$ cat model13.cif   # mmCIF, C-alpha atoms
data_start
loop_
_atom_site.label_atom_id
_atom_site.label_comp_id
_atom_site.auth_asym_id
_atom_site.auth_seq_id
_atom_site.Cartn_x
_atom_site.Cartn_y
_atom_site.Cartn_z
CA MET K 17 0.00 0.00 0.00
CA ALA K 18 1.13 3.50 -0.76
CA LYS K 19 2.54 5.83 1.83
CA SER K 20 0.22 8.59 2.95
CA ASN K 21 0.63 12.22 1.92
CA LYS K 22 -0.80 13.36 5.23
CA PRO K 23 2.62 14.56 6.47
CA ILE K 24 2.16 17.78 4.42
CA VAL K 25 -0.88 18.90 6.41
CA TRP K 26 0.17 17.19 9.62
CA GLY K 27 3.51 19.00 9.57
CA LEU K 28 1.70 22.36 9.36
CA PHE K 29 -0.77 21.18 12.01
CA ALA K 30 1.99 20.18 14.44
CA ALA K 31 4.01 23.34 13.86
CA GLY K 32 0.84 25.47 14.18
CA GLY K 33 -0.16 23.65 17.37
CA THR K 34 3.20 24.29 18.99
CA ILE K 35 3.22 27.95 17.95
CA SER K 36 -0.37 28.65 18.93
CA ALA K 37 0.06 26.94 22.31
CA PHE K 38 2.92 29.29 23.14
CA VAL K 39 1.96 32.51 21.36
CA VAL K 40 -1.83 32.71 21.21
CA PRO K 41 -2.51 32.92 24.98
CA ALA K 42 0.03 35.76 25.25
CA MET K 43 -1.52 37.49 22.20
CA ILE K 44 -5.00 37.24 23.72
CA LEU K 45 -3.71 38.61 27.02
CA VAL K 46 -1.98 41.55 25.35
CA THR K 47 -4.40 42.46 22.55
CA GLY K 48 -7.62 41.35 24.23
CA LEU K 49 -7.10 42.48 27.82
CA LEU K 50 -4.07 44.56 28.66
CA VAL K 51 -4.21 46.99 25.71
CA PRO K 52 -7.99 47.67 25.94
CA LEU K 53 -7.60 48.18 29.69
CA GLY K 54 -5.05 50.86 28.94
CA VAL K 55 -2.16 49.15 30.72
CA PHE K 56 0.28 50.22 27.98
CA GLY K 57 -1.19 53.71 27.48
CA GLU K 58 -3.94 55.12 25.29
CA ASP K 59 -2.47 54.67 21.82
CA ALA K 60 -0.44 51.48 22.42
CA MET K 61 -1.96 49.81 19.35
CA SER K 62 -2.78 52.88 17.31
CA TYR K 63 -2.78 52.51 13.51
CA GLU K 64 0.40 54.54 13.13
CA ARG K 65 2.34 52.59 15.72
CA MET K 66 1.21 49.20 14.38
CA THR K 67 2.03 50.02 10.74
CA ALA K 68 5.44 51.27 11.81
CA PHE K 69 5.95 48.10 13.85
CA LEU K 70 4.99 45.95 10.85
CA GLY K 71 7.40 47.90 8.66
CA ASN K 72 10.12 45.71 10.11
CA TRP K 73 10.81 42.57 8.05
CA ILE K 74 11.40 40.34 11.04
CA VAL K 75 8.02 41.35 12.48
CA LYS K 76 6.37 40.61 9.12
CA VAL K 77 7.88 37.12 8.96
CA VAL K 78 7.00 36.30 12.58
CA LEU K 79 3.42 37.58 12.25
CA LEU K 80 2.85 35.67 9.00
CA GLY K 81 4.31 32.56 10.61
CA VAL K 82 1.93 32.81 13.57
CA VAL K 83 -1.17 33.61 11.50
CA ILE K 84 -0.63 31.07 8.71
CA LEU K 85 0.48 28.16 10.89
CA THR K 86 -2.39 28.77 13.32
CA LEU K 87 -4.85 28.75 10.39
CA TRP K 88 -3.52 25.40 9.16
CA HIS K 89 -3.56 24.03 12.67
CA ALA K 90 -7.22 24.98 13.07
CA ALA K 91 -8.09 23.56 9.64
CA HIS K 92 -6.61 20.14 10.37
CA ARG K 93 -8.08 20.10 13.88
CA LEU K 94 -11.56 20.73 12.44
CA ARG K 95 -11.08 17.96 9.87
CA VAL K 96 -10.09 15.49 12.60
CA THR K 97 -12.93 16.64 14.84
CA ALA K 98 -15.41 16.03 12.01
CA HIS K 99 -13.93 12.54 11.62
CA ASP K 100 -14.27 11.92 15.37
CA PHE K 101 -17.94 12.86 15.14
CA GLY K 102 -18.30 10.08 12.59
CA ILE K 103 -18.72 12.34 9.54
CA ARG K 104 -17.48 10.19 6.72
CA SER K 105 -17.15 12.67 3.84
CA ASP K 106 -13.49 13.31 4.67
CA GLY K 107 -12.55 14.45 1.15
CA THR K 108 -15.12 17.26 1.06
CA ILE K 109 -14.31 18.41 4.58
CA ALA K 110 -10.57 18.36 3.85
CA MET K 111 -11.08 20.50 0.75
CA GLY K 112 -13.28 22.92 2.69
CA VAL K 113 -11.04 23.43 5.72
CA TYR K 114 -7.75 23.46 3.81
CA GLY K 115 -9.30 25.70 1.17
CA PHE K 116 -10.26 28.15 3.91
CA ALA K 117 -6.79 27.99 5.46
CA GLY K 118 -5.15 28.41 2.04
CA LEU K 119 -7.35 31.34 1.05
CA PHE K 120 -6.78 33.22 4.29
CA SER K 121 -3.05 32.43 4.19
CA VAL K 122 -2.89 34.19 0.82
CA ILE K 123 -4.99 37.12 2.09
CA ALA K 124 -2.74 37.44 5.16
CA LEU K 125 0.34 37.31 2.93
CA PHE K 126 -0.89 40.13 0.67
CA ALA K 127 -2.20 42.21 3.57
CA VAL K 128 1.06 42.06 5.49
CA LEU K 129 3.30 42.53 2.45
CA ALA K 130 1.25 45.56 1.39
CA ILE K 131 2.28 47.45 4.51
CA MET P 2 -12.93 -10.84 56.29
CA SER P 3 -16.11 -9.08 55.32
CA GLU P 4 -18.27 -10.32 52.48
CA ARG P 5 -20.11 -8.19 49.96
CA GLN P 6 -22.94 -9.38 47.77
CA ILE P 7 -22.47 -8.01 44.25
CA THR P 8 -24.69 -8.53 41.23
CA PHE P 9 -22.69 -9.19 38.08
CA GLU P 10 -24.33 -8.42 34.77
CA VAL P 11 -22.40 -10.55 32.32
CA LEU P 12 -22.75 -10.43 28.56
CA ARG P 13 -23.43 -13.89 27.19
CA TYR P 14 -23.25 -15.07 23.60
CA ASN P 15 -23.21 -18.56 22.20
CA PRO P 16 -22.88 -18.42 18.40
CA GLU P 17 -24.56 -21.84 18.08
CA THR P 18 -27.78 -20.93 19.85
CA ASP P 19 -28.00 -17.14 20.23
CA ASP P 20 -28.96 -14.63 17.54
CA LYS P 21 -27.41 -11.82 19.50
CA PRO P 22 -25.65 -11.23 22.82
CA TRP P 23 -27.75 -11.02 25.97
CA VAL P 24 -27.16 -10.17 29.61
CA GLN P 25 -27.22 -12.71 32.43
CA THR P 26 -27.06 -11.66 36.07
CA TYR P 27 -25.33 -13.54 38.85
CA SER P 28 -25.32 -12.68 42.53
CA VAL P 29 -21.87 -13.37 43.92
CA PRO P 30 -20.75 -13.35 47.58
CA CYS P 31 -17.48 -11.45 47.17
CA GLN P 32 -14.52 -11.23 49.54
CA GLU P 33 -13.15 -7.80 50.30
CA ASP P 34 -9.81 -8.38 48.60
CA TRP P 35 -11.18 -9.89 45.39
CA VAL P 36 -10.72 -8.63 41.88
CA VAL P 37 -13.39 -8.93 39.17
CA LEU P 38 -11.67 -12.05 37.83
CA ASP P 39 -12.10 -13.79 41.21
CA ALA P 40 -15.82 -13.15 41.03
CA ILE P 41 -15.99 -14.51 37.49
CA ASN P 42 -14.07 -17.59 38.59
CA TYR P 43 -16.59 -17.98 41.40
CA ILE P 44 -19.42 -17.88 38.87
CA LYS P 45 -17.66 -20.51 36.75
CA ASP P 46 -16.95 -22.78 39.75
CA HIS P 47 -20.19 -22.45 41.69
CA LEU P 48 -22.98 -20.89 39.62
CA ASP P 49 -22.62 -21.53 35.91
CA THR P 50 -19.99 -23.76 34.34
CA SER P 51 -20.99 -22.70 30.84
CA LEU P 52 -19.49 -19.18 31.14
CA SER P 53 -16.50 -18.73 28.80
CA TYR P 54 -13.66 -16.25 29.32
CA ARG P 55 -9.89 -16.12 29.01
CA TRP P 56 -7.47 -15.83 31.88
CA SER P 57 -4.16 -17.26 32.94
CA CYS P 58 -1.74 -15.53 35.30
CA HIS P 59 -4.01 -13.49 37.62
CA MET P 60 -1.19 -10.93 38.03
CA ALA P 61 -1.37 -8.52 35.05
CA VAL P 62 1.40 -10.23 33.12
CA CYS P 63 -0.24 -12.55 30.60
CA GLY P 64 -2.69 -10.05 29.10
CA SER P 65 -5.51 -12.60 28.62
CA CYS P 66 -8.25 -11.33 30.92
CA GLY P 67 -9.04 -7.96 29.34
CA MET P 68 -12.77 -7.14 29.57
CA MET P 69 -15.07 -4.15 29.67
CA VAL P 70 -15.80 -3.60 33.36
CA ASN P 71 -18.57 -1.02 33.75
CA GLY P 72 -17.79 0.07 30.20
CA GLU P 73 -14.03 0.60 30.73
CA PRO P 74 -11.43 -1.63 29.10
CA THR P 75 -9.77 -3.26 32.11
CA LEU P 76 -7.68 -6.27 33.06
CA SER P 77 -10.18 -8.13 35.23
CA CYS P 78 -7.28 -9.41 37.40
CA LYS P 79 -6.33 -5.83 38.20
CA ALA P 80 -9.86 -4.55 38.81
CA PHE P 81 -10.20 -4.59 42.60
CA LEU P 82 -13.79 -4.81 43.79
CA ARG P 83 -13.08 -2.29 46.56
CA ASP P 84 -12.66 0.33 43.79
CA TYR P 85 -16.21 -0.28 42.55
CA LYS P 86 -18.95 1.32 44.58
CA GLY P 87 -22.51 0.11 44.45
CA SER P 88 -23.92 -3.38 44.26
CA LYS P 89 -23.76 -3.95 40.52
CA ILE P 90 -20.87 -4.52 38.12
CA ARG P 91 -21.28 -5.00 34.39
CA VAL P 92 -18.82 -7.25 32.58
CA GLU P 93 -18.65 -7.41 28.79
CA PRO P 94 -16.16 -8.61 26.19
CA LEU P 95 -13.67 -6.05 24.85
CA SER P 96 -15.28 -3.46 22.57
CA HIS P 97 -14.50 -3.25 18.85
CA PHE P 98 -13.77 -6.98 18.52
CA PRO P 99 -16.09 -9.71 17.25
CA ILE P 100 -17.29 -12.00 20.05
CA GLU P 101 -16.17 -15.60 19.85
CA ARG P 102 -18.29 -16.69 22.81
CA ASP P 103 -19.36 -14.92 26.02
CA LEU P 104 -16.39 -12.82 27.18
CA VAL P 105 -13.98 -14.28 24.61
CA VAL P 106 -13.19 -12.11 21.58
CA VAL P 107 -11.68 -13.01 18.20
CA LEU P 108 -7.99 -12.06 18.15
CA ASP P 109 -7.19 -12.68 14.46
CA ASP P 110 -7.31 -9.03 13.37
CA PHE P 111 -4.83 -7.91 16.01
CA MET P 112 -2.53 -10.89 15.39
CA GLY P 113 -2.40 -10.10 11.69
CA LYS P 114 -1.56 -6.46 12.36
CA LEU P 115 1.09 -7.37 14.90
CA GLN P 116 2.81 -9.57 12.30
CA SER P 117 2.56 -6.92 9.60
CA VAL P 118 4.81 -4.49 11.52
CA LYS P 119 7.60 -7.09 11.97
CA PRO P 120 7.89 -6.80 15.75
CA TYR P 121 11.31 -8.42 16.04
CA ILE P 122 14.90 -7.26 15.62
CA ILE P 123 15.99 -7.05 12.00
CA PRO P 124 19.79 -6.66 12.37
CA LYS P 125 21.53 -4.02 10.27
CA LYS P 126 24.04 -6.68 9.33
CA GLU P 127 23.78 -10.36 10.18
CA LYS P 128 26.93 -11.56 11.90
CA PRO P 129 28.05 -15.07 12.72
CA VAL P 130 27.68 -16.28 16.31
CA GLU P 131 31.49 -16.40 16.74
CA GLU P 132 31.65 -12.62 16.51
CA GLY P 133 29.75 -12.33 19.78
CA GLU P 134 26.71 -10.52 21.01
CA TYR P 135 25.05 -7.38 19.77
CA LYS P 136 25.93 -5.09 22.67
CA GLN P 137 23.85 -2.28 24.05
CA THR P 138 24.45 0.39 26.68
CA PRO P 139 21.96 0.98 29.53
CA ARG P 140 21.17 4.32 27.90
CA GLN P 141 20.30 2.65 24.59
CA LEU P 142 18.09 0.20 26.46
CA LYS P 143 16.32 2.99 28.33
CA ASN P 144 15.45 4.54 24.97
CA PHE P 145 12.86 1.87 24.18
CA LYS P 146 12.33 -0.14 27.38
CA GLN P 147 8.96 1.41 28.17
CA TYR P 148 7.54 0.10 24.88
CA THR P 149 8.70 -3.46 25.63
CA MET P 150 6.27 -3.65 28.56
CA CYS P 151 3.27 -4.33 26.29
CA ILE P 152 1.48 -7.58 27.14
CA ASN P 153 -0.81 -7.57 24.08
CA CYS P 154 -3.92 -7.36 26.25
CA MET P 155 -5.65 -5.20 23.57
CA LEU P 156 -7.30 -2.86 26.07
CA CYS P 157 -5.94 -0.02 23.93
CA TYR P 158 -7.85 -1.30 20.88
CA ALA P 159 -11.06 -1.50 22.90
CA ALA P 160 -10.48 2.09 24.09
CA CYS P 161 -9.46 3.57 20.72
CA PRO P 162 -12.33 5.46 19.03
CA GLN P 163 -10.45 5.47 15.72
CA TYR P 164 -10.16 1.68 15.71
CA GLY P 165 -13.87 1.62 16.53
CA LEU P 166 -14.60 3.73 13.44
CA ASN P 167 -12.16 2.05 11.08
CA ASP P 168 -10.84 -1.41 11.87
CA ASP P 169 -8.20 -1.18 9.13
CA PHE P 170 -6.26 1.07 11.52
CA ILE P 171 -3.09 -0.74 12.60
CA GLY P 172 -3.83 0.45 16.14
CA PRO P 173 -2.03 1.42 19.34
CA ALA P 174 -0.29 -1.73 20.59
CA ALA P 175 1.08 -2.83 17.22
CA LEU P 176 2.36 0.69 16.53
CA ALA P 177 3.91 1.01 20.00
CA LEU P 178 5.78 -2.23 19.37
CA THR P 179 6.87 -0.95 15.96
CA HIS P 180 8.32 2.04 17.75
CA ARG P 181 10.03 -0.24 20.28
CA TYR P 182 11.97 -2.03 17.52
CA ASN P 183 12.63 1.14 15.51
CA LEU P 184 14.27 2.69 18.59
CA ASP P 185 16.42 -0.36 19.33
CA SER P 186 20.10 0.33 18.60
CA ARG P 187 20.53 -3.25 17.32
CA ASP P 188 17.77 -2.89 14.76
CA GLY P 189 17.93 -1.81 11.15
CA GLY P 190 14.39 -2.63 10.04
CA ARG P 191 12.73 0.76 10.25
CA SER P 192 12.42 1.33 6.50
CA GLN P 193 10.65 -2.04 6.14
CA ARG P 194 8.22 -1.17 8.92
CA GLN P 195 7.61 2.27 7.45
CA GLU P 196 5.78 0.58 4.56
CA VAL P 197 3.02 -0.14 7.09
CA VAL P 198 3.50 2.75 9.51
CA ALA P 199 3.46 5.54 6.90
CA GLN P 200 0.25 4.42 5.17
CA HIS P 201 -3.07 6.06 5.90
CA GLU P 202 -4.02 3.10 8.08
CA GLY P 203 -0.73 3.36 9.96
CA VAL P 204 0.01 6.30 12.26
CA TRP P 205 -2.12 8.71 10.20
CA GLU P 206 -5.43 7.18 11.25
CA CYS P 207 -4.63 8.24 14.84
CA SER P 208 -6.13 11.56 15.96
CA PHE P 209 -4.34 11.57 19.33
CA VAL P 210 -7.37 11.02 21.54
CA GLY P 211 -5.00 9.36 24.02
CA ALA P 212 -7.49 6.82 25.39
CA CYS P 213 -5.01 4.00 24.62
CA SER P 214 -2.44 5.41 27.03
CA GLU P 215 -5.07 5.99 29.70
CA VAL P 216 -6.26 2.38 29.79
CA CYS P 217 -2.85 0.75 29.32
CA PRO P 218 -2.20 -1.40 32.42
CA LYS P 219 1.57 -1.37 31.80
CA ASP P 220 2.08 2.38 31.17
CA VAL P 221 3.40 1.77 27.68
CA ASP P 222 1.97 5.08 26.35
CA PRO P 223 1.12 3.97 22.80
CA ALA P 224 -0.26 7.45 22.01
CA GLY P 225 3.14 8.99 22.70
CA ALA P 226 4.84 6.38 20.51
CA ILE P 227 2.47 7.12 17.63
CA GLN P 228 3.04 10.89 17.84
CA GLN P 229 6.81 10.35 17.79
CA MET P 230 6.41 8.18 14.70
CA LYS P 231 4.25 10.85 13.07
CA ILE P 232 7.08 13.35 13.47
CA ALA P 233 9.64 10.88 12.09
CA SER P 234 7.31 9.96 9.18
CA THR P 235 6.81 13.66 8.38
CA VAL P 236 10.58 14.21 8.26
CA ASP P 237 10.82 11.11 6.00
CA TRP P 238 8.14 12.49 3.71
CA TYR P 239 9.89 15.82 3.25
CA LEU P 240 13.27 14.17 2.71
CA GLU P 241 11.80 11.75 0.16
CA HIS P 242 9.99 14.47 -1.78
CA LEU P 243 12.41 17.38 -1.52
CA MET P 244 15.59 15.33 -1.82
CA PRO P 245 14.59 12.35 -3.99
CA TRP P 246 18.21 11.67 -4.89
CA ARG P 247 18.87 10.60 -1.29
CA ALA P 248 19.25 6.84 -0.97
CA LYS P 249 16.33 5.32 0.93
#

$ encode --input "model13.cif" --output "structure tokens"
Amino acid sequence: MAKSNKPIVWGLFAAGGTISAFVVPAMILVTGLLVPLGVFGEDAMSYERMTAFLGNWIVKVVLLGVVILTLWHAAHRLRVTAHDFGIRSDGTIAMGVYGFAGLFSVIALFAVLAI
Amino acid sequence: MSERQITFEVLRYNPETDDKPWVQTYSVPCQEDWVVLDAINYIKDHLDTSLSYRWSCHMAVCGSCGMMVNGEPTLSCKAFLRDYKGSKIRVEPLSHFPIERDLVVVLDDFMGKLQSVKPYIIPKKEKPVEEGEYKQTPRQLKNFKQYTMCINCMLCYAACPQYGLNDDFIGPAALALTHRYNLDSRDGGRSQRQEVVAQHEGVWECSFVGACSEVCPKDVDPAGAIQQMKIASTVDWYLEHLMPWRAK
């Protein structure tokens, strides 16, 4: 029997899982709680400051890495969850979730590179 | 010693006379220090000689007496009655396997899978006996020792929801043993085993629910073994596709 091609998506899933486990809670804390509560001052995440921050290439690469890998992690997780619920149309679900992740990866890429 | 009267609901099935399995209840006077297997032996000896089940060692070594006890895959020799509250205990054959008779399940599927992963040392290079042993350091042994503890009791298969959905899945115990031999410093058979491991029905059917490791009576942690093999298989995949000139 042939070897599976699942490593492509599983590799992204595993990398995304590791990254999101470390980074996402901190991101939620900073962008969802501390900044709105004014801990870092009024205009901590103002448009001007954020675009200037994203002007740096290292920041662009890191942000794209976090966003894209997290998207692929979520996509694969949803596919597996559907499988665990006994939904048998794996091909359709895979196309849907990976299509979503792919589309938004491209959008993220263009959005970040446009800055 | 105090006695406790417990009602055992036991799944019965005789393929010659029954259309489908049915439940028979037995009231058993249990001793405080008994395990579920003792109660089943009592039923066999005193109440109903027709009850069929497998057991041998009564000390969690042989792996024969796996059953569903109150719905959990358990070695009945390790299931102490003092850990079960209430006056009723339900005993059924292991889930996900066809029933041979009463509490006895058909093992053929697992045996076939076990063979397919070549769970034995395939030396890198055969050497004549005169050249001595294949030596190993304690550190090299520690690398895989945990995975040698498997007693093939198949509780992990009864616990695995993926095996329940798709019985082509090679499954936890066979994959944990694959990992055991892959990690052995004396072994050179990994690429042969990868033919089975790297298929869809190999490690990729696993969705890391982790139930196998929870029910394992020997702390083998098959789920951990499978995740480690997924990482190795992913590295393999990228090397094979991005650097196809590399010798296999």

$ resolve_selection --input "model13.cif" --expression "the PyMOL selection byres ((chain K and resi 87-99) around 12)" --output "NGL selection string"
(:K and (22-37 or 40 or 80-86 or 100-124)) or (:P and (162-163 or 165-167 or 205-210))

$ write_last_selection --input "model13.cif" --atoms "C-alpha atoms" --output "PDB file, in the coordinates of the input"
ATOM      1  CA  LYS K  22      -0.800  13.360   5.230  1.00  0.00           C
ATOM      2  CA  PRO K  23       2.620  14.560   6.470  1.00  0.00           C
ATOM      3  CA  ILE K  24       2.160  17.780   4.420  1.00  0.00           C
ATOM      4  CA  VAL K  25      -0.880  18.900   6.410  1.00  0.00           C
ATOM      5  CA  TRP K  26       0.170  17.190   9.620  1.00  0.00           C
ATOM      6  CA  GLY K  27       3.510  19.000   9.570  1.00  0.00           C
ATOM      7  CA  LEU K  28       1.700  22.360   9.360  1.00  0.00           C
ATOM      8  CA  PHE K  29      -0.770  21.180  12.010  1.00  0.00           C
ATOM      9  CA  ALA K  30       1.990  20.180  14.440  1.00  0.00           C
ATOM     10  CA  ALA K  31       4.010  23.340  13.860  1.00  0.00           C
ATOM     11  CA  GLY K  32       0.840  25.470  14.180  1.00  0.00           C
ATOM     12  CA  GLY K  33      -0.160  23.650  17.370  1.00  0.00           C
ATOM     13  CA  THR K  34       3.200  24.290  18.990  1.00  0.00           C
ATOM     14  CA  ILE K  35       3.220  27.950  17.950  1.00  0.00           C
ATOM     15  CA  SER K  36      -0.370  28.650  18.930  1.00  0.00           C
ATOM     16  CA  ALA K  37       0.060  26.940  22.310  1.00  0.00           C
ATOM     17  CA  VAL K  40      -1.830  32.710  21.210  1.00  0.00           C
ATOM     18  CA  LEU K  80       2.850  35.670   9.000  1.00  0.00           C
ATOM     19  CA  GLY K  81       4.310  32.560  10.610  1.00  0.00           C
ATOM     20  CA  VAL K  82       1.930  32.810  13.570  1.00  0.00           C
ATOM     21  CA  VAL K  83      -1.170  33.610  11.500  1.00  0.00           C
ATOM     22  CA  ILE K  84      -0.630  31.070   8.710  1.00  0.00           C
ATOM     23  CA  LEU K  85       0.480  28.160  10.890  1.00  0.00           C
ATOM     24  CA  THR K  86      -2.390  28.770  13.320  1.00  0.00           C
ATOM     25  CA  ASP K 100     -14.270  11.920  15.370  1.00  0.00           C
ATOM     26  CA  PHE K 101     -17.940  12.860  15.140  1.00  0.00           C
ATOM     27  CA  GLY K 102     -18.300  10.080  12.590  1.00  0.00           C
ATOM     28  CA  ILE K 103     -18.720  12.340   9.540  1.00  0.00           C
ATOM     29  CA  ARG K 104     -17.480  10.190   6.720  1.00  0.00           C
ATOM     30  CA  SER K 105     -17.150  12.670   3.840  1.00  0.00           C
ATOM     31  CA  ASP K 106     -13.490  13.310   4.670  1.00  0.00           C
ATOM     32  CA  GLY K 107     -12.550  14.450   1.150  1.00  0.00           C
ATOM     33  CA  THR K 108     -15.120  17.260   1.060  1.00  0.00           C
ATOM     34  CA  ILE K 109     -14.310  18.410   4.580  1.00  0.00           C
ATOM     35  CA  ALA K 110     -10.570  18.360   3.850  1.00  0.00           C
ATOM     36  CA  MET K 111     -11.080  20.500   0.750  1.00  0.00           C
ATOM     37  CA  GLY K 112     -13.280  22.920   2.690  1.00  0.00           C
ATOM     38  CA  VAL K 113     -11.040  23.430   5.720  1.00  0.00           C
ATOM     39  CA  TYR K 114      -7.750  23.460   3.810  1.00  0.00           C
ATOM     40  CA  GLY K 115      -9.300  25.700   1.170  1.00  0.00           C
ATOM     41  CA  PHE K 116     -10.260  28.150   3.910  1.00  0.00           C
ATOM     42  CA  ALA K 117      -6.790  27.990   5.460  1.00  0.00           C
ATOM     43  CA  GLY K 118      -5.150  28.410   2.040  1.00  0.00           C
ATOM     44  CA  LEU K 119      -7.350  31.340   1.050  1.00  0.00           C
ATOM     45  CA  PHE K 120      -6.780  33.220   4.290  1.00  0.00           C
ATOM     46  CA  SER K 121      -3.050  32.430   4.190  1.00  0.00           C
ATOM     47  CA  VAL K 122      -2.890  34.190   0.820  1.00  0.00           C
ATOM     48  CA  ILE K 123      -4.990  37.120   2.090  1.00  0.00           C
ATOM     49  CA  ALA K 124      -2.740  37.440   5.160  1.00  0.00           C
TER      50      ALA K 124
ATOM     51  CA  PRO P 162     -12.330   5.460  19.030  1.00  0.00           C
ATOM     52  CA  GLN P 163     -10.450   5.470  15.720  1.00  0.00           C
ATOM     53  CA  GLY P 165     -13.870   1.620  16.530  1.00  0.00           C
ATOM     54  CA  LEU P 166     -14.600   3.730  13.440  1.00  0.00           C
ATOM     55  CA  ASN P 167     -12.160   2.050  11.080  1.00  0.00           C
ATOM     56  CA  TRP P 205      -2.120   8.710  10.200  1.00  0.00           C
ATOM     57  CA  GLU P 206      -5.430   7.180  11.250  1.00  0.00           C
ATOM     58  CA  CYS P 207      -4.630   8.240  14.840  1.00  0.00           C
ATOM     59  CA  SER P 208      -6.130  11.560  15.960  1.00  0.00           C
ATOM     60  CA  PHE P 209      -4.340  11.570  19.330  1.00  0.00           C
ATOM     61  CA  VAL P 210      -7.370  11.020  21.540  1.00  0.00           C
TER      62      VAL P 210
END

$ residues_around --input "model13.cif" --residues "Asp185 (chain P)" --least-positions-apart "3" --cutoff "12 Å" --atoms "only C-alpha atoms" --output "NGL selection string"
:P and (120-125 or 135-149 or 178-182 or 188-191)

$ write_last_selection --input "model13.cif" --atoms "C-alpha atoms" --output "compact mmCIF listing (two decimals), in the frame of the given file"
# COMPACT_ATOMS: atom_id res chain seq x y z
CA PRO P 120 7.89 -6.80 15.75
CA TYR P 121 11.31 -8.42 16.04
CA ILE P 122 14.90 -7.26 15.62
CA ILE P 123 15.99 -7.05 12.00
CA PRO P 124 19.79 -6.66 12.37
CA LYS P 125 21.53 -4.02 10.27
CA TYR P 135 25.05 -7.38 19.77
CA LYS P 136 25.93 -5.09 22.67
CA GLN P 137 23.85 -2.28 24.05
CA THR P 138 24.45 0.39 26.68
CA PRO P 139 21.96 0.98 29.53
CA ARG P 140 21.17 4.32 27.90
CA GLN P 141 20.30 2.65 24.59
CA LEU P 142 18.09 0.20 26.46
CA LYS P 143 16.32 2.99 28.33
CA ASN P 144 15.45 4.54 24.97
CA PHE P 145 12.86 1.87 24.18
CA LYS P 146 12.33 -0.14 27.38
CA GLN P 147 8.96 1.41 28.17
CA TYR P 148 7.54 0.10 24.88
CA THR P 149 8.70 -3.46 25.63
CA LEU P 178 5.78 -2.23 19.37
CA THR P 179 6.87 -0.95 15.96
CA HIS P 180 8.32 2.04 17.75
CA ARG P 181 10.03 -0.24 20.28
CA TYR P 182 11.97 -2.03 17.52
CA ASP P 188 17.77 -2.89 14.76
CA GLY P 189 17.93 -1.81 11.15
CA GLY P 190 14.39 -2.63 10.04
CA ARG P 191 12.73 0.76 10.25

$ atom_distance --input "model13.cif" --atom1 "CA of Met244 (chain P)" --atom2 "CA of Ser117 (chain P)"
28.2 Å

$ resolve_selection --input "model13.cif" --expression "the PyMOL selection byres ((chain P) within 9 of (chain K))" --output "PyMOL selection string"
chain P and resi 162-163+166+195-203+205+208+231-232+234-239

$ closest_residue --input "model13.cif" --among "P:Met60, P:Cys66, P:Ile41, P:Ala174" --to "Phe111 (chain P)" --atoms "all atoms listed in the file"
P:Ala174

$ residues_around --input "model13.cif" --residues "Cys154 (chain P)" --least-positions-apart "6" --cutoff "8 Å" --atoms "only C-alpha atoms" --output "CSV table (one decimal) with C-alpha atoms, in the coordinates of the input"
chain,number,residue,atom,x,y,z
P,63,CYS,CA,-0.2,-12.6,30.6
P,64,GLY,CA,-2.7,-10.0,29.1
P,65,SER,CA,-5.5,-12.6,28.6
P,66,CYS,CA,-8.2,-11.3,30.9
P,67,GLY,CA,-9.0,-8.0,29.3
P,76,LEU,CA,-7.7,-6.3,33.1

$ atom_distance --input "model13.cif" --atom1 "CA of Val204 (chain P)" --atom2 "CA of Pro99 (chain P)"
23.2 Å

$ closest_atom_pairs --input "model13.cif" --of "region 120-182 of chain P" --to "region 69-73 of chain P" --cutoff "10 Å" --atoms "only C-alpha atoms" --output "tab-separated table"
residue	atom	partner	partner_atom	distance
P:Leu156	CA	P:Met69	CA	8.7
P:Ala159	CA	P:Met69	CA	8.3
P:Ala160	CA	P:Glu73	CA	7.7

$ atom_distance --input "model13.cif" --atom1 "CA of Asp109 (chain P)" --atom2 "CA of Phe9 (chain P)"
28.5 Å

$ residues_near_point --input "model13.cif" --point "(-0.9, 50.3, 22.9)" --cutoff "12 Å" --atoms "only C-alpha atoms" --output "PyMOL selection string"
chain K and resi 46-66+69

$ resolve_selection --input "model13.cif" --expression "the PyMOL selection byres ((chain P and resi 24) around 7)" --output "MDAnalysis selection string"
chainID P and resid 10:13 23 25:26

$ closest_residue --input "model13.cif" --among "P:Leu38, P:Cys217, P:Ile100, P:Val107" --to "Ile152 (chain P)" --atoms "only C-alpha atoms"
P:Cys217

$ residues_around --input "model13.cif" --residues "Cys157 (chain P)" --least-positions-apart "4" --cutoff "8 Å" --atoms "all atoms listed in the file" --output "PDB file with C-alpha atoms, in the frame of the given file"
ATOM      1  CA  PRO P  74     -11.430  -1.630  29.100  1.00  0.00           C
ATOM      2  CA  CYS P 161      -9.460   3.570  20.720  1.00  0.00           C
ATOM      3  CA  PRO P 173      -2.030   1.420  19.340  1.00  0.00           C
ATOM      4  CA  ALA P 174      -0.290  -1.730  20.590  1.00  0.00           C
ATOM      5  CA  ALA P 212      -7.490   6.820  25.390  1.00  0.00           C
ATOM      6  CA  CYS P 213      -5.010   4.000  24.620  1.00  0.00           C
ATOM      7  CA  SER P 214      -2.440   5.410  27.030  1.00  0.00           C
ATOM      8  CA  VAL P 216      -6.260   2.380  29.790  1.00  0.00           C
ATOM      9  CA  CYS P 217      -2.850   0.750  29.320  1.00  0.00           C
TER      10      CYS P 217
END

$ closest_residue --input "model13.cif" --among "P:Val29, P:Glu131, P:Gln229, P:Arg5" --to "Tyr43 (chain P)" --atoms "only C-alpha atoms"
P:Val29

$ closest_residue --input "model13.cif" --among "P:Lys119, P:Lys21, P:His97, P:Lys79" --to "Asn183 (chain P)" --atoms "only C-alpha atoms"
P:Lys119
